[in-house]
$ cat coords_5.txt   # compact mmCIF, C-alpha atoms and all ligand atoms
# COMPACT_ATOMS: atom_id res chain seq x y z
CA LEU X 1 87.76 91.13 123.39
CA VAL X 2 88.63 94.69 124.46
CA ALA X 3 89.49 95.33 120.82
CA PHE X 4 86.10 94.06 119.66
CA PHE X 5 84.20 96.40 121.98
CA GLN X 6 85.91 99.63 120.87
CA PRO X 7 83.32 102.21 119.68
CA LYS X 8 83.08 102.15 115.87
CA VAL X 9 83.80 105.87 115.56
CA LEU X 10 85.59 105.49 112.18
CA SER X 11 83.06 103.17 110.58
CA GLY X 12 83.35 103.37 106.79
CA LYS X 13 86.35 105.75 106.88
CA ARG X 14 89.55 105.06 105.00
CA VAL X 15 92.66 105.63 107.12
CA LEU X 16 96.23 105.70 105.84
CA VAL X 17 99.03 105.27 108.40
CA THR X 18 102.82 105.32 108.07
CA ALA X 19 104.97 103.58 110.65
CA GLY X 20 108.49 102.50 111.46
CA PRO X 21 111.78 103.94 110.28
CA THR X 22 112.93 104.37 106.71
CA SER X 23 116.20 102.92 105.55
CA GLU X 24 118.56 104.75 103.21
CA PRO X 25 121.22 102.69 101.44
CA ILE X 26 124.93 103.49 101.59
CA ASP X 27 125.69 100.35 99.58
CA PRO X 28 123.86 96.99 99.18
CA VAL X 29 124.72 95.91 102.74
CA ARG X 30 124.78 99.18 104.68
CA VAL X 31 122.04 101.68 105.49
CA ILE X 32 121.33 104.85 107.44
CA THR X 33 118.14 104.73 109.43
CA ASN X 34 116.18 106.30 112.28
CA ARG X 35 115.49 104.78 115.67
CA SER X 36 111.92 103.55 115.50
CA SER X 37 110.43 100.20 116.47
CA GLY X 38 107.17 100.95 114.64
CA LYS X 39 105.13 100.09 117.76
CA MET X 40 103.27 103.42 117.94
CA GLY X 41 102.32 103.44 114.25
CA TYR X 42 101.18 99.82 114.35
CA ALA X 43 99.10 100.60 117.45
CA VAL X 44 97.48 103.52 115.59
CA ALA X 45 96.70 101.26 112.62
CA GLN X 46 95.19 98.64 114.96
CA ALA X 47 93.13 101.23 116.85
CA ALA X 48 91.77 102.69 113.60
CA ARG X 49 90.80 99.24 112.42
CA GLU X 50 89.11 98.45 115.75
CA ALA X 51 87.14 101.67 115.29
CA GLY X 52 85.71 100.29 112.04
CA ALA X 53 88.00 101.96 109.50
CA HIS X 54 89.50 100.42 106.38
CA VAL X 55 93.22 100.79 107.17
CA VAL X 56 96.26 100.86 104.88
CA LEU X 57 99.60 100.78 106.72
CA VAL X 58 102.71 101.87 104.80
CA SER X 59 105.56 100.51 106.85
CA GLY X 60 109.31 100.84 106.86
CA PRO X 61 111.36 97.87 108.08
CA THR X 62 110.11 96.60 111.48
CA ALA X 63 109.99 93.30 113.34
CA LEU X 64 106.26 93.61 114.06
CA PRO X 65 103.35 91.44 112.88
CA THR X 66 100.68 93.14 110.74
CA PRO X 67 97.68 94.10 112.93
CA TYR X 68 94.58 91.99 112.22
CA GLY X 69 92.53 93.25 109.29
CA VAL X 70 95.06 95.90 108.20
CA ALA X 71 96.42 96.08 104.63
CA ARG X 72 100.19 96.54 104.81
CA ILE X 73 102.53 97.92 102.16
CA ASN X 74 106.23 97.42 102.89
CA VAL X 75 108.81 100.01 101.85
CA ASP X 76 112.44 100.69 102.68
CA SER X 77 113.49 104.22 101.76
CA ALA X 78 111.76 107.55 102.34
CA ARG X 79 111.37 108.02 98.60
CA GLN X 80 109.63 104.63 98.35
CA MET X 81 107.40 105.59 101.29
CA HIS X 82 106.58 108.89 99.60
CA ALA X 83 105.56 107.11 96.37
CA ALA X 84 103.42 104.54 98.21
CA VAL X 85 101.70 107.21 100.32
CA MET X 86 100.98 109.55 97.39
CA ALA X 87 99.40 106.61 95.51
CA GLU X 88 97.12 105.78 98.47
CA ALA X 89 96.37 109.27 99.83
CA ARG X 90 93.88 110.28 97.14
CA GLY X 91 91.24 107.87 98.45
CA ALA X 92 91.94 108.33 102.16
CA ASP X 93 89.81 110.27 104.65
CA VAL X 94 92.55 110.46 107.28
CA PHE X 95 96.34 110.33 107.05
CA ILE X 96 98.24 109.62 110.28
CA SER X 97 101.97 110.05 109.74
CA VAL X 98 103.73 108.15 112.51
CA ALA X 99 106.81 107.02 110.57
CA ALA X 100 110.27 108.24 111.56
CA VAL X 101 111.22 109.27 108.04
CA ALA X 102 114.92 109.80 107.30
CA ASP X 103 115.45 113.45 106.44
CA TRP X 104 118.24 112.73 103.94
CA HIS X 105 119.40 110.02 101.56
CA VAL X 106 122.90 109.24 100.34
CA VAL X 107 123.40 110.61 96.83
CA ASN X 108 126.58 108.70 96.13
CA ALA X 109 125.34 105.27 97.32
CA SER X 110 127.41 102.49 95.79
CA ASP X 111 125.98 99.69 93.61
CA ASN X 112 128.63 97.36 94.99
CA LYS X 113 129.71 96.75 98.56
CA LEU X 114 132.30 99.31 99.62
CA LYS X 115 135.58 97.69 100.67
CA LYS X 116 137.87 98.87 103.43
CA ASN X 117 141.07 100.03 101.83
CA ALA X 118 144.63 99.51 102.99
CA ALA X 119 145.18 103.23 103.59
CA GLY X 120 142.42 103.12 106.21
CA SER X 121 140.43 105.98 104.70
CA ALA X 122 136.64 106.15 105.14
CA PRO X 123 134.04 106.81 102.42
CA GLN X 124 132.82 110.37 101.96
CA LEU X 125 129.01 110.33 101.91
CA THR X 126 127.04 113.12 100.25
CA PHE X 127 123.43 113.70 101.33
CA ALA X 128 120.35 115.22 99.69
CA PRO X 129 117.01 115.98 101.40
CA ASN X 130 114.16 113.48 101.21
CA PRO X 131 110.64 114.59 100.27
CA ASP X 132 108.47 115.64 103.22
CA ILE X 133 105.65 113.11 102.92
CA LEU X 134 103.32 114.69 105.48
CA ALA X 135 103.75 118.20 104.10
CA ASP X 136 103.06 116.92 100.56
CA VAL X 137 99.85 115.15 101.63
CA ALA X 138 98.77 118.20 103.68
CA ARG X 139 99.13 120.32 100.52
CA MET X 140 96.83 118.09 98.40
CA THR X 141 93.54 119.68 97.39
CA ALA X 142 90.67 117.62 98.84
CA GLY X 143 93.30 115.42 100.51
CA PRO X 144 92.84 113.50 103.75
CA TRP X 145 92.62 115.07 107.22
CA CYS X 146 96.24 114.96 108.41
CA VAL X 147 97.77 114.08 111.76
CA GLY X 148 101.53 114.40 112.32
CA PHE X 149 103.72 113.00 115.05
CA ALA X 150 106.81 114.58 116.52
CA ALA X 151 109.33 113.14 118.92
CA GLU X 152 111.32 115.95 120.49
CA THR X 153 114.08 115.86 123.09
CA GLU X 154 113.29 119.29 124.63
CA ASN X 155 110.75 122.18 124.51
CA LEU X 156 108.08 119.66 123.45
CA LEU X 157 105.00 121.89 123.37
CA GLU X 158 106.72 124.82 121.70
CA TYR X 159 108.50 122.73 119.03
CA ALA X 160 105.44 120.57 118.36
CA GLU X 161 103.14 123.57 117.84
CA ALA X 162 105.70 125.23 115.55
CA LYS X 163 105.92 121.98 113.56
CA ARG X 164 102.13 121.69 113.33
CA ARG X 165 101.93 125.14 111.78
CA ARG X 166 104.92 124.64 109.50
CA LYS X 167 103.49 121.39 108.10
CA GLY X 168 100.01 122.90 107.77
CA VAL X 169 98.22 120.04 109.58
CA PRO X 170 95.16 120.34 111.85
CA MET X 171 96.58 117.99 114.50
CA LEU X 172 100.04 117.07 115.68
CA VAL X 173 100.87 114.55 118.39
CA GLY X 174 104.00 115.12 120.43
CA ASN X 175 106.03 112.93 122.72
CA LEU X 176 109.46 112.99 124.31
CA ALA X 177 111.93 110.98 122.26
CA GLN X 178 113.81 109.77 125.33
CA GLN X 179 110.61 108.12 126.63
CA ALA X 180 109.03 106.85 123.46
CA MET X 181 111.85 104.97 121.80
CA ASN X 182 111.08 101.25 121.70
CA ALA X 183 109.01 101.58 124.91
CA ASP X 184 105.63 99.93 125.46
CA LEU X 185 104.25 102.91 127.38
CA THR X 186 103.95 106.46 126.08
CA GLU X 187 102.83 109.89 127.21
CA LEU X 188 101.32 111.75 124.27
CA VAL X 189 100.21 115.34 123.92
CA MET X 190 97.69 116.24 121.18
CA LEU X 191 97.88 119.75 119.70
CA ASP X 192 95.33 121.46 117.50
CA ASP X 193 93.91 124.92 116.83
CA ALA X 194 92.16 124.89 120.21
CA GLY X 195 95.34 124.21 122.21
CA HIS X 196 96.80 121.04 123.64
CA ARG X 197 95.58 118.03 125.57
CA GLN X 198 98.01 115.92 127.58
CA LEU X 199 97.29 112.20 127.89
CA PRO X 200 98.53 110.24 130.91
CA GLU X 201 101.15 107.52 130.50
CA LEU X 202 99.38 104.69 128.70
CA SER X 203 100.22 101.57 126.73
CA LYS X 204 100.72 102.48 123.07
CA ILE X 205 97.48 100.73 122.07
CA ASP X 206 95.46 102.62 124.70
CA ALA X 207 97.10 105.90 123.69
CA ALA X 208 96.28 105.10 120.05
CA ARG X 209 92.62 104.40 120.96
CA GLN X 210 92.42 107.78 122.72
CA LEU X 211 93.93 109.46 119.68
CA ILE X 212 91.40 107.82 117.33
CA ARG X 213 88.55 108.96 119.59
CA ALA X 214 89.90 112.51 119.48
CA ILE X 215 90.26 112.47 115.68
CA ALA X 216 86.86 110.98 114.80
CA PRO X 217 84.60 113.93 115.77
CA ARG X 218 86.89 116.34 113.92
CA LEU X 219 86.42 114.74 110.50
CA PRO X 220 84.21 116.38 107.88
CA ASP X 221 81.09 114.30 107.02
N1 LIG X 301 107.62 113.43 108.08
C1 LIG X 301 107.34 113.00 106.79
N2 LIG X 301 108.33 113.03 105.83
C2 LIG X 301 109.56 113.47 106.14
C3 LIG X 301 109.86 113.91 107.45
C4 LIG X 301 108.85 113.88 108.41
O1 LIG X 301 106.21 112.61 106.51
N3 LIG X 301 110.49 113.49 105.18
C5 LIG X 301 106.52 113.45 109.08
C6 LIG X 301 106.69 112.45 110.22
O2 LIG X 301 106.09 111.20 109.92
C7 LIG X 301 105.95 113.18 111.36
C8 LIG X 301 106.16 114.65 111.04
O3 LIG X 301 106.48 114.72 109.65
O4 LIG X 301 104.57 112.95 111.31
C9 LIG X 301 107.22 115.32 111.84
O5 LIG X 301 108.45 114.66 111.64
P1 LIG X 301 109.75 115.28 112.26
O6 LIG X 301 110.95 114.46 111.87
O7 LIG X 301 109.50 115.52 113.72
O8 LIG X 301 109.77 116.72 111.53
P2 LIG X 301 110.79 117.40 110.56
O9 LIG X 301 109.99 118.39 109.78
O10 LIG X 301 111.56 116.40 109.78
O11 LIG X 301 111.72 118.21 111.55
P3 LIG X 301 113.07 117.81 112.35
O12 LIG X 301 114.08 118.78 111.86
O13 LIG X 301 112.70 118.04 113.81
O14 LIG X 301 113.42 116.37 112.08
CA CA X 302 112.83 114.72 110.67

$ encode --input "coords_5.txt" --output "structure tokens"
Amino acid sequence: LVAFFQPKVLSGKRVLVTAGPTSEPIDPVRVITNRSSGKMGYAVAQAAREAGAHVVLVSGPTALPTPYGVARINVDSARQMHAAVMAEARGADVFISVAAVADWHVVNASDNKLKKNAAGSAPQLTFAPNPDILADVARMTAGPWCVGFAAETENLLEYAEAKRRRKGVPMLVGNLAQQAMNADLTELVMLDDAGHRQLPELSKIDAARQLIRAIAPRLPD
């Protein structure tokens, strides 16, 4: 019922959200991933939908149900997430990048399961950088209004503002990684050109609703 009575501040807008971790194969049974439950991104997708938006959620592997009324595209790797997002971004008014995207993938991933060998040696993995999805969307001409997320372990405000500028996005949301990980409560700080605004500790859905209310008046008509 609370959901139903949210102000429809994104009525008619198309919102694209990424959530969850990405998963980078080492071999068919082993992956490298980031710590992310997906809860914050799913809450953002739900809050956008409650606010009247048409919402597409590009999600890495999570154990979460799809929020009501949200169109979900499942991906595994960062490169798959990049492809799915670039295909959807053209038509979006807002892009909210909540996913914990792996920064690298394994170049020498094996097609077959790696076996332990008698000598007890371990595989040597070689990494290459993944595409920066948010930075690529932020660079699009006439692309969506972009919001980034950053979980930092220290110097939150300073690192988050530096990241906002580096990625070229109008808004970046910061939180402390130690607090956010798999928790149901979160303490977000929103940074934009005008400075920063600290939210109190809230449930992820309430924090997401506050974020949507802060984004809505900033959008071009
Ligand atoms: N992001 C992305 N694609 C990537 C990496 C990050 O879209 N390959 C997005 C995240 O979804 C988030 C923002 O960029 O919205 C910041 O992610 P973060 O990992 O904090 O930034 P990085 O630039 O990867 O810096 P760091 O070295 O701190 O990991
Ligand atoms: Ca990163």

$ atom_distance --input "coords_5.txt" --atom1 "atom CA of Val9 of chain X" --atom2 "atom CA of Phe95 of chain X"
15.8 Å

$ residues_near_point --input "coords_5.txt" --point "(100.8, 98.8, 117.6)" --cutoff "10 Å" --atoms "all atoms listed in the file" --output "ChimeraX atom specification"
/X:19,37-47,64-67,184,203-206,208

$ closest_residue --input "coords_5.txt" --among "X:Gly120, X:Gly174, X:Gly91, X:Pro220" --to "His196 of chain X" --atoms "all atoms listed in the file"
X:Gly174

$ residues_near_ligand --input "coords_5.txt" --ligand "ligand LIG 301 (chain X)" --cutoff "6 Å" --atoms "all atoms listed in the file" --output "JSON, numbers by chain"
{"X": [97, 98, 99, 100, 101, 103, 130, 131, 132, 133, 134, 148, 149, 150, 151]}

$ residues_around --input "coords_5.txt" --residues "Ile215 of chain X" --least-positions-apart "2" --cutoff "12 Å" --atoms "only C-alpha atoms" --output "ChimeraX atom specification"
/X:9-10,13,15,44,47-48,51,93-96,145-148,170-173,190-192,208-213,217-220

$ atom_distance --input "coords_5.txt" --atom1 "atom CA of Glu88 of chain X" --atom2 "atom CA of Asp76 of chain X"
16.7 Å

$ atom_distance --input "coords_5.txt" --atom1 "atom CA of Arg79 of chain X" --atom2 "atom CA of Asn175 of chain X"
25.2 Å

$ residues_near_point --input "coords_5.txt" --point "(109.8, 101.2, 101.7)" --cutoff "6 Å" --atoms "all atoms listed in the file" --output "PyMOL selection string"
chain X and resi 60+74-77+80-81

$ residues_around --input "coords_5.txt" --residues "segment 122-125 of chain X" --least-positions-apart "4" --cutoff "12 Å" --atoms "only C-alpha atoms" --output "PyMOL selection string"
chain X and resi 24-27+31-32+104-110+113-118

$ residues_around --input "coords_5.txt" --residues "Lys8 of chain X" --least-positions-apart "2" --cutoff "10 Å" --atoms "all atoms listed in the file" --output "compact mmCIF listing (two decimals) with C-alpha atoms, keeping the file's coordinate frame"
# COMPACT_ATOMS: atom_id res chain seq x y z
CA PHE X 4 86.10 94.06 119.66
CA PHE X 5 84.20 96.40 121.98
CA GLN X 6 85.91 99.63 120.87
CA LEU X 10 85.59 105.49 112.18
CA SER X 11 83.06 103.17 110.58
CA GLY X 12 83.35 103.37 106.79
CA ALA X 48 91.77 102.69 113.60
CA ARG X 49 90.80 99.24 112.42
CA GLU X 50 89.11 98.45 115.75
CA ALA X 51 87.14 101.67 115.29
CA GLY X 52 85.71 100.29 112.04
CA ALA X 53 88.00 101.96 109.50
CA ARG X 213 88.55 108.96 119.59
CA ALA X 216 86.86 110.98 114.80

$ closest_residue --input "coords_5.txt" --among "X:Leu1, X:Ala135, X:Val70, X:Ala87" --to "ligand CA 302 (chain X)" --atoms "all atoms listed in the file"
X:Ala135

$ residues_around --input "coords_5.txt" --residues "Leu176 of chain X" --least-positions-apart "6" --cutoff "8 Å" --atoms "all atoms listed in the file" --output "list in words"
Ala151, Glu152, Thr153, Glu154, Leu156 and Glu187 of chain X

$ axis_aligned_box --input "coords_5.txt" --around "segment 146-150 of chain X" --padding-each-side "3 Å" --output "JSON"
{"center_x": 101.5, "center_y": 114.0, "center_z": 112.5, "size_x": 16.6, "size_y": 8.0, "size_z": 14.1}

$ closest_residue --input "coords_5.txt" --among "X:Val85, X:Leu16, X:Leu57, X:Ala102" --to "ligand CA 302 (chain X)" --atoms "all atoms listed in the file"
X:Ala102

$ closest_residue --input "coords_5.txt" --among "X:Ser59, X:Thr18, X:Ser121, X:Asn34" --to "ligand CA 302 (chain X)" --atoms "only C-alpha atoms and all ligand atoms"
X:Asn34

$ decode --input "coords_5.txt" --residues "segment 83-164 of chain X" --atoms "C-alpha atoms" --output "short mmCIF file (atom, residue, chain, number, x, y, z; two decimals), in the first residue's frame"
data_model
loop_
_atom_site.label_atom_id
_atom_site.label_comp_id
_atom_site.auth_asym_id
_atom_site.auth_seq_id
_atom_site.Cartn_x
_atom_site.Cartn_y
_atom_site.Cartn_z
CA ALA X 83 26.11 -5.06 -24.39
CA ALA X 84 22.66 -5.23 -22.76
CA VAL X 85 22.95 -1.70 -21.35
CA MET X 86 24.19 -0.14 -24.59
CA ALA X 87 21.23 -1.74 -26.43
CA GLU X 88 18.73 -0.29 -23.92
CA ALA X 89 20.34 3.08 -23.13
CA ARG X 90 19.36 4.83 -26.36
CA GLY X 91 15.69 4.96 -25.37
CA ALA X 92 16.21 5.66 -21.67
CA ASP X 93 15.67 8.99 -19.89
CA VAL X 94 17.63 7.97 -16.79
CA PHE X 95 20.41 5.44 -16.22
CA ILE X 96 21.10 4.41 -12.62
CA SER X 97 24.22 2.26 -12.43
CA VAL X 98 24.06 0.33 -9.17
CA ALA X 99 25.79 -2.87 -10.31
CA ALA X 100 29.11 -3.91 -8.77
CA VAL X 101 30.79 -4.50 -12.12
CA ALA X 102 33.98 -6.59 -12.14
CA ASP X 103 36.84 -4.38 -13.27
CA TRP X 104 38.67 -7.21 -15.06
CA HIS X 105 37.96 -10.47 -16.84
CA VAL X 106 40.19 -13.52 -17.23
CA VAL X 107 41.75 -13.56 -20.69
CA ASN X 108 42.95 -17.14 -20.52
CA ALA X 109 39.66 -18.66 -19.24
CA SER X 110 39.52 -22.38 -20.02
CA ASP X 111 36.80 -24.04 -22.12
CA ASN X 112 37.14 -27.15 -19.99
CA LYS X 113 37.25 -27.52 -16.23
CA LEU X 114 40.78 -27.01 -14.95
CA LYS X 115 42.10 -30.06 -13.08
CA LYS X 116 44.35 -30.03 -10.06
CA ASN X 117 47.65 -31.51 -11.09
CA ALA X 118 49.88 -33.89 -9.18
CA ALA X 119 52.68 -31.33 -8.89
CA GLY X 120 50.32 -29.11 -6.88
CA SER X 121 50.83 -26.05 -9.07
CA ALA X 122 48.06 -23.44 -9.43
CA PRO X 123 46.78 -21.90 -12.68
CA GLN X 124 48.23 -18.56 -13.76
CA LEU X 125 45.36 -16.21 -14.58
CA THR X 126 45.83 -13.25 -16.90
CA PHE X 127 43.42 -10.31 -16.64
CA ALA X 128 42.25 -7.59 -19.03
CA PRO X 129 40.10 -4.55 -18.12
CA ASN X 130 36.33 -4.66 -18.63
CA PRO X 131 34.50 -1.83 -20.37
CA ASP X 132 33.31 0.95 -18.05
CA ILE X 133 29.57 0.78 -18.65
CA LEU X 134 28.63 3.97 -16.80
CA ALA X 135 31.37 6.03 -18.44
CA ASP X 136 30.32 4.75 -21.89
CA VAL X 137 26.66 5.67 -21.30
CA ALA X 138 27.67 9.07 -19.86
CA ARG X 139 29.60 9.75 -23.10
CA MET X 140 26.59 9.08 -25.38
CA THR X 141 25.25 12.11 -27.21
CA ALA X 142 21.63 12.69 -26.16
CA GLY X 143 22.02 9.75 -23.76
CA PRO X 144 20.14 9.30 -20.49
CA TRP X 145 20.71 11.36 -17.33
CA CYS X 146 23.25 9.26 -15.43
CA VAL X 147 23.54 8.36 -11.76
CA GLY X 148 26.52 6.35 -10.49
CA PHE X 149 27.02 4.51 -7.22
CA ALA X 150 30.25 4.07 -5.34
CA ALA X 151 31.00 1.92 -2.33
CA GLU X 152 34.20 3.10 -0.71
CA THR X 153 35.99 1.86 2.39
CA GLU X 154 37.52 5.25 3.36
CA ASN X 155 37.52 8.97 2.42
CA LEU X 156 33.95 8.54 1.11
CA LEU X 157 33.11 12.13 0.17
CA GLU X 158 36.46 12.88 -1.43
CA TYR X 159 36.66 9.63 -3.44
CA ALA X 160 33.00 9.79 -4.48
CA GLU X 161 33.28 13.37 -5.77
CA ALA X 162 36.48 12.51 -7.66
CA LYS X 163 34.69 9.51 -9.20
CA ARG X 164 31.67 11.63 -10.16
#
